[in-house]
$ cat query07.cif   # mmCIF, C-alpha atoms
data_start
loop_
_atom_site.group_PDB
_atom_site.id
_atom_site.type_symbol
_atom_site.label_atom_id
_atom_site.label_comp_id
_atom_site.auth_asym_id
_atom_site.auth_seq_id
_atom_site.Cartn_x
_atom_site.Cartn_y
_atom_site.Cartn_z
ATOM 1 C CA MET X 1 -75.429 39.241 84.895
ATOM 2 C CA VAL X 2 -74.333 41.541 87.722
ATOM 3 C CA VAL X 3 -71.541 39.843 89.632
ATOM 4 C CA LEU X 4 -69.590 38.274 86.759
ATOM 5 C CA PRO X 5 -69.297 41.473 84.668
ATOM 6 C CA VAL X 6 -68.114 43.394 87.745
ATOM 7 C CA LEU X 7 -65.433 40.824 88.584
ATOM 8 C CA LEU X 8 -64.301 40.649 84.956
ATOM 9 C CA GLN X 9 -64.527 44.350 84.255
ATOM 10 C CA ALA X 10 -62.556 45.642 87.252
ATOM 11 C CA PRO X 11 -59.124 44.256 86.278
ATOM 12 C CA TRP X 12 -59.747 44.532 82.512
ATOM 13 C CA VAL X 13 -60.675 48.203 82.461
ATOM 14 C CA ARG X 14 -57.822 49.057 84.806
ATOM 15 C CA LEU X 15 -55.262 47.580 82.386
ATOM 16 C CA TYR X 16 -56.893 48.043 78.966
ATOM 17 C CA PRO X 17 -59.721 50.597 79.231
ATOM 18 C CA ILE X 18 -60.217 51.124 75.495
ATOM 19 C CA SER X 19 -60.620 47.434 74.631
ATOM 20 C CA ALA X 20 -62.888 46.944 77.652
ATOM 21 C CA CYS X 21 -65.006 49.860 76.495
ATOM 22 C CA LEU X 22 -65.217 48.499 72.930
ATOM 23 C CA PHE X 23 -66.425 45.162 74.320
ATOM 24 C CA THR X 24 -69.731 46.972 74.887
ATOM 25 C CA ILE X 25 -70.353 46.553 71.155
ATOM 26 C CA ALA X 26 -69.975 42.778 71.443
ATOM 27 C CA ILE X 27 -72.426 42.558 74.359
ATOM 28 C CA LEU X 28 -74.938 44.806 72.597
ATOM 29 C CA GLY X 29 -74.574 42.944 69.296
ATOM 30 C CA LEU X 30 -75.098 39.571 70.969
ATOM 31 C CA GLY X 31 -78.181 40.890 72.752
ATOM 32 C CA ILE X 32 -79.731 42.217 69.543
ATOM 33 C CA GLY X 33 -78.898 38.964 67.740
ATOM 34 C CA LEU X 34 -80.632 36.873 70.390
ATOM 35 C CA ILE X 35 -83.725 39.074 70.232
ATOM 36 C CA LYS X 36 -83.913 38.643 66.461
ATOM 37 C CA MET X 37 -84.061 34.861 66.918
ATOM 38 C CA GLY X 38 -87.690 35.393 67.845
ATOM 39 C CA GLN X 39 -87.918 32.819 70.645
ATOM 40 C CA GLU X 40 -89.158 34.223 73.958
ATOM 41 C CA LYS X 41 -86.428 32.629 76.081
ATOM 42 C CA TRP X 42 -83.607 33.946 73.922
ATOM 43 C CA SER X 43 -85.329 37.302 73.500
ATOM 44 C CA ASN X 44 -85.350 37.701 77.271
ATOM 45 C CA VAL X 45 -81.643 36.852 77.471
ATOM 46 C CA GLY X 46 -80.969 39.276 74.627
ATOM 47 C CA SER X 47 -82.891 42.044 76.368
ATOM 48 C CA LEU X 48 -80.912 41.430 79.544
ATOM 49 C CA LEU X 49 -77.641 41.632 77.613
ATOM 50 C CA ILE X 50 -78.694 44.981 76.193
ATOM 51 C CA GLY X 51 -79.195 46.183 79.764
ATOM 52 C CA VAL X 52 -75.816 44.746 80.726
ATOM 53 C CA SER X 53 -74.195 46.628 77.837
ATOM 54 C CA GLY X 54 -75.381 49.936 79.313
ATOM 55 C CA SER X 55 -73.980 49.096 82.731
ATOM 56 C CA TRP X 56 -70.764 47.809 81.146
ATOM 57 C CA LEU X 57 -70.245 51.006 79.127
ATOM 58 C CA GLY X 58 -70.847 53.279 82.107
ATOM 59 C CA GLY X 59 -68.510 51.221 84.279
ATOM 60 C CA CYS X 60 -65.758 51.251 81.661
ATOM 61 C CA LEU X 61 -65.989 54.995 81.147
ATOM 62 C CA PHE X 62 -65.840 55.727 84.850
ATOM 63 C CA TRP X 63 -63.159 53.223 85.899
ATOM 64 C CA GLY X 64 -61.106 53.927 82.816
ATOM 65 C CA TRP X 65 -61.034 57.726 82.882
ATOM 66 C CA PHE X 66 -62.872 59.162 85.912
ATOM 67 C CA ARG X 67 -61.967 56.686 88.655
ATOM 68 C CA ALA X 68 -60.160 59.272 90.787
ATOM 69 C CA HIS X 69 -63.259 61.517 90.846
ATOM 70 C CA PRO X 70 -66.006 59.699 92.782
ATOM 71 C CA VAL X 71 -68.445 62.593 92.348
ATOM 72 C CA TRP X 72 -68.681 61.527 88.697
ATOM 73 C CA HIS X 73 -69.436 57.890 89.516
ATOM 74 C CA LEU X 74 -73.225 57.985 89.346
ATOM 75 C CA PRO X 75 -73.506 60.526 86.477
ATOM 76 C CA VAL X 76 -71.154 58.510 84.263
ATOM 77 C CA GLU X 77 -72.814 55.203 85.146
ATOM 78 C CA ALA X 78 -76.136 56.817 84.176
ATOM 79 C CA ILE X 79 -75.001 57.481 80.605
ATOM 80 C CA ALA X 80 -77.626 55.123 79.168
ATOM 81 C CA LEU X 81 -80.465 56.191 81.504
ATOM 82 C CA PRO X 82 -82.502 58.135 78.884
ATOM 83 C CA ILE X 83 -82.456 55.122 76.556
ATOM 84 C CA ALA X 84 -83.336 52.773 79.439
ATOM 85 C CA LEU X 85 -86.333 54.920 80.459
ATOM 86 C CA TRP X 86 -87.567 54.828 76.878
ATOM 87 C CA GLY X 87 -86.923 51.097 76.762
ATOM 88 C CA LEU X 88 -89.426 50.498 79.563
ATOM 89 C CA THR X 89 -92.173 51.099 76.993
ATOM 90 C CA THR X 90 -90.711 48.626 74.481
ATOM 91 C CA PRO X 91 -90.330 44.825 74.302
ATOM 92 C CA TRP X 92 -86.789 45.400 75.627
ATOM 93 C CA ARG X 93 -88.078 46.517 79.020
ATOM 94 C CA LEU X 94 -86.447 43.550 80.748
ATOM 95 C CA GLY X 95 -82.996 44.953 80.001
ATOM 96 C CA SER X 96 -84.125 48.473 80.874
ATOM 97 C CA GLY X 97 -85.392 47.308 84.254
ATOM 98 C CA PHE X 98 -82.107 45.528 84.878
ATOM 99 C CA TYR X 99 -80.026 48.597 84.019
ATOM 100 C CA ILE X 100 -82.143 51.041 86.023
ATOM 101 C CA SER X 101 -82.147 48.752 89.059
ATOM 102 C CA CYS X 102 -78.365 48.401 88.883
ATOM 103 C CA LEU X 103 -78.147 52.197 88.712
ATOM 104 C CA VAL X 104 -80.316 52.498 91.819
ATOM 105 C CA GLY X 105 -77.958 50.057 93.524
ATOM 106 C CA THR X 106 -75.016 52.256 92.499
ATOM 107 C CA ALA X 107 -76.765 55.265 94.007
ATOM 108 C CA PHE X 108 -77.176 53.398 97.305
ATOM 109 C CA THR X 109 -73.513 52.390 97.213
ATOM 110 C CA ASP X 110 -72.341 55.969 96.646
ATOM 111 C CA PHE X 111 -74.677 57.259 99.353
ATOM 112 C CA SER X 112 -73.273 54.686 101.768
ATOM 113 C CA MET X 113 -69.729 55.798 100.987
ATOM 114 C CA VAL X 114 -70.660 59.435 101.597
ATOM 115 C CA ILE X 115 -72.290 58.902 104.988
ATOM 116 C CA THR X 116 -69.485 56.600 106.197
ATOM 117 C CA GLY X 117 -66.649 58.883 105.038
ATOM 118 C CA VAL X 118 -65.266 56.422 102.493
ATOM 119 C CA MET X 119 -65.921 58.845 99.616
ATOM 120 C CA ASP X 120 -63.309 61.254 101.002
ATOM 121 C CA GLN X 121 -60.685 58.502 101.048
ATOM 122 C CA TRP X 122 -61.461 57.263 97.544
ATOM 123 C CA PRO X 123 -59.208 59.766 95.667
ATOM 124 C CA VAL X 124 -56.450 59.222 98.219
ATOM 125 C CA VAL X 125 -56.405 55.473 97.559
ATOM 126 C CA ILE X 126 -56.735 55.809 93.784
ATOM 127 C CA ASN X 127 -53.967 58.414 93.459
ATOM 128 C CA SER X 128 -51.518 56.699 95.802
ATOM 129 C CA GLN X 129 -48.525 54.644 94.745
ATOM 130 C CA LEU X 130 -49.260 51.011 93.974
ATOM 131 C CA THR X 131 -47.094 49.946 96.910
ATOM 132 C CA ASP X 132 -49.099 52.117 99.325
ATOM 133 C CA ALA X 133 -52.616 51.643 97.931
ATOM 134 C CA PRO X 134 -53.388 48.215 99.487
ATOM 135 C CA GLN X 135 -52.573 49.410 102.997
ATOM 136 C CA LEU X 136 -54.571 52.626 102.535
ATOM 137 C CA LEU X 137 -57.537 50.650 101.227
ATOM 138 C CA ARG X 138 -57.381 48.232 104.143
ATOM 139 C CA GLU X 139 -57.256 51.114 106.623
ATOM 140 C CA THR X 140 -60.275 52.689 104.935
ATOM 141 C CA ALA X 141 -62.173 49.395 105.132
ATOM 142 C CA ASP X 142 -61.205 49.038 108.802
ATOM 143 C CA GLN X 143 -62.958 52.338 109.515
ATOM 144 C CA LEU X 144 -66.247 50.747 108.453
ATOM 145 C CA LEU X 145 -66.020 48.218 111.265
ATOM 146 C CA ARG X 146 -66.797 50.856 113.886
ATOM 147 C CA ALA X 147 -70.287 51.101 115.413
ATOM 148 C CA GLN X 148 -71.559 54.213 113.608
ATOM 149 C CA PRO X 149 -70.557 53.199 110.051
ATOM 150 C CA LEU X 150 -71.821 49.654 110.624
ATOM 151 C CA LEU X 151 -75.189 51.011 111.779
ATOM 152 C CA ALA X 152 -75.406 53.256 108.713
ATOM 153 C CA LEU X 153 -74.570 50.349 106.397
ATOM 154 C CA LEU X 154 -77.133 48.164 108.153
ATOM 155 C CA LEU X 155 -79.866 50.763 107.655
ATOM 156 C CA VAL X 156 -79.009 51.175 103.966
ATOM 157 C CA GLY X 157 -79.016 47.400 103.584
ATOM 158 C CA ILE X 158 -82.469 47.184 105.173
ATOM 159 C CA VAL X 159 -83.803 49.843 102.780
ATOM 160 C CA ILE X 160 -82.407 47.887 99.819
ATOM 161 C CA LEU X 161 -84.040 44.698 101.081
ATOM 162 C CA ILE X 162 -87.380 46.463 101.538
ATOM 163 C CA LEU X 163 -87.298 47.982 98.044
ATOM 164 C CA SER X 164 -86.281 44.651 96.549
ATOM 165 C CA ASN X 165 -89.191 42.923 98.286
ATOM 166 C CA ILE X 166 -91.603 45.629 97.088
ATOM 167 C CA MET X 167 -90.448 45.037 93.508
ATOM 168 C CA GLU X 168 -90.904 41.306 93.942
ATOM 169 C CA SER X 169 -94.398 41.835 95.323
ATOM 170 C CA GLN X 170 -95.224 44.144 92.427
ATOM 171 C CA ALA X 171 -94.515 41.249 90.072
ATOM 172 C CA SER X 172 -97.573 39.477 91.474
ATOM 173 C CA SER X 173 -99.967 42.327 90.651
ATOM 174 C CA ASP X 174 -98.450 43.526 87.368
ATOM 175 C CA TYR X 175 -98.463 40.394 85.232
ATOM 176 C CA GLN X 176 -97.540 42.183 82.018
ATOM 177 C CA ASN X 177 -94.275 43.406 83.559
ATOM 178 C CA ARG X 178 -93.796 40.479 85.930
ATOM 179 C CA ASP X 179 -90.393 39.421 84.585
ATOM 180 C CA THR X 180 -89.117 43.003 84.587
ATOM 181 C CA TRP X 181 -90.026 43.483 88.250
ATOM 182 C CA LEU X 182 -88.401 40.181 89.206
ATOM 183 C CA VAL X 183 -85.191 40.989 87.325
ATOM 184 C CA ALA X 184 -85.067 44.483 88.835
ATOM 185 C CA SER X 185 -85.589 43.042 92.313
ATOM 186 C CA ALA X 186 -82.796 40.505 91.878
ATOM 187 C CA ALA X 187 -80.406 43.095 90.406
ATOM 188 C CA LEU X 188 -80.963 45.478 93.305
ATOM 189 C CA MET X 189 -80.512 42.692 95.844
ATOM 190 C CA THR X 190 -77.219 41.741 94.211
ATOM 191 C CA THR X 191 -75.906 45.188 95.151
ATOM 192 C CA LEU X 192 -75.515 43.861 98.695
ATOM 193 C CA TRP X 193 -73.475 40.893 97.478
ATOM 194 C CA ILE X 194 -71.170 43.021 95.338
ATOM 195 C CA ASP X 195 -70.571 45.684 97.993
ATOM 196 C CA GLY X 196 -70.009 42.978 100.592
ATOM 197 C CA LEU X 197 -67.543 41.257 98.286
ATOM 198 C CA PHE X 198 -65.568 44.450 97.752
ATOM 199 C CA LEU X 199 -65.513 45.141 101.498
ATOM 200 C CA ILE X 200 -64.257 41.630 102.301
ATOM 201 C CA THR X 201 -61.636 41.921 99.557
ATOM 202 C CA ALA X 202 -60.497 45.312 100.877
ATOM 203 C CA LEU X 203 -60.115 43.829 104.360
ATOM 204 C CA LEU X 204 -58.411 40.544 103.432
ATOM 205 C CA GLN X 205 -56.776 41.005 100.003
ATOM 206 C CA PRO X 206 -56.909 44.718 99.101
ATOM 207 C CA GLU X 207 -54.446 44.291 96.242
ATOM 208 C CA LEU X 208 -57.109 42.257 94.426
ATOM 209 C CA SER X 209 -59.690 45.014 94.648
ATOM 210 C CA GLY X 210 -60.812 46.710 91.457
ATOM 211 C CA LEU X 211 -60.126 50.045 93.115
ATOM 212 C CA ILE X 212 -56.340 49.758 92.748
#
$ encode --input "query07.cif" --output "structure tokens"
Amino acid sequence: MVVLPVLLQAPWVRLYPISACLFTIAILGLGIGLIKMGQEKWSNVGSLLIGVSGSWLGGCLFWGWFRAHPVWHLPVEAIALPIALWGLTTPWRLGSGFYISCLVGTAFTDFSMVITGVMDQWPVVINSQLTDAPQLLRETADQLLRAQPLLALLLVGIVILILSNIMESQASSDYQNRDTWLVASAALMTTLWIDGLFLITALLQPELSGLI
């Protein structure tokens, strides 16, 4: 629910942003349809898809039209936040928890890029010629392999792990929202996998990165 949409969305929205954005309707429609089936298992999947649709829409809007302006990353990704906060009080709270947790992961990612200096290089890479972008992205990734950035990334990673474990522990004491806490914990933890994947791609095959 986290990794696959990111891998699919990155190249799609770069080439065809409008169609990628409209695909939000398909995800949302499928989610609502599964909920209406009435079975708990499919209702949970449907709720998750509704959460995915919010993340998908925010990602499409940013990567399609605001990608050269990293300061807008979190605000645009948070486009569905008011609805998600309301959704926590409804039977769709599973999807709301998923979306909010993914948004928290995005906030950690952006914070990491700020403190390591990557945020300053973002517009440079995005606005460069296609022939130059892979090398610029690789050089930016190489800067993260120094002691100070690595220490900063390690500390952020530890904080994410701690928060994820707290959410997982909360599932044991809050039975009514147990599934929501578990989904939120897993979604936040996946932030580490996605960011690690993008870093490895930037180092080894930067031309395959969703950034360029």
$ residues_near_point --input "query07.cif" --point "(-63.7, 53.8, 93.2)" --cutoff "10 Å" --atoms "all atoms listed in the file" --output "ChimeraX atom specification"
/X:62-63,66-70,73,110,118-119,121-123,125-126,209-212
$ closest_residue --input "query07.cif" --among "X:Leu7, X:Ile166, X:Ile200, X:Val52" --to "Arg138 (chain X)" --atoms "all atoms listed in the file"
X:Ile200
$ closest_residue --input "query07.cif" --among "X:Val104, X:Val124, X:Phe98, X:Lys36" --to "Leu74 (chain X)" --atoms "all atoms listed in the file"
X:Val104
$ closest_residue --input "query07.cif" --among "X:Gly58, X:Ser172, X:Ser53, X:Leu15" --to "Gly31 (chain X)" --atoms "all atoms listed in the file"
X:Ser53
$ closest_residue --input "query07.cif" --among "X:Val45, X:Ala84, X:Leu199, X:Leu130" --to "Met113 (chain X)" --atoms "all atoms listed in the file"
X:Leu199
$ closest_residue --input "query07.cif" --among "X:Gln148, X:Thr140, X:Ser169, X:Thr191" --to "Ile115 (chain X)" --atoms "all atoms listed in the file"
X:Gln148
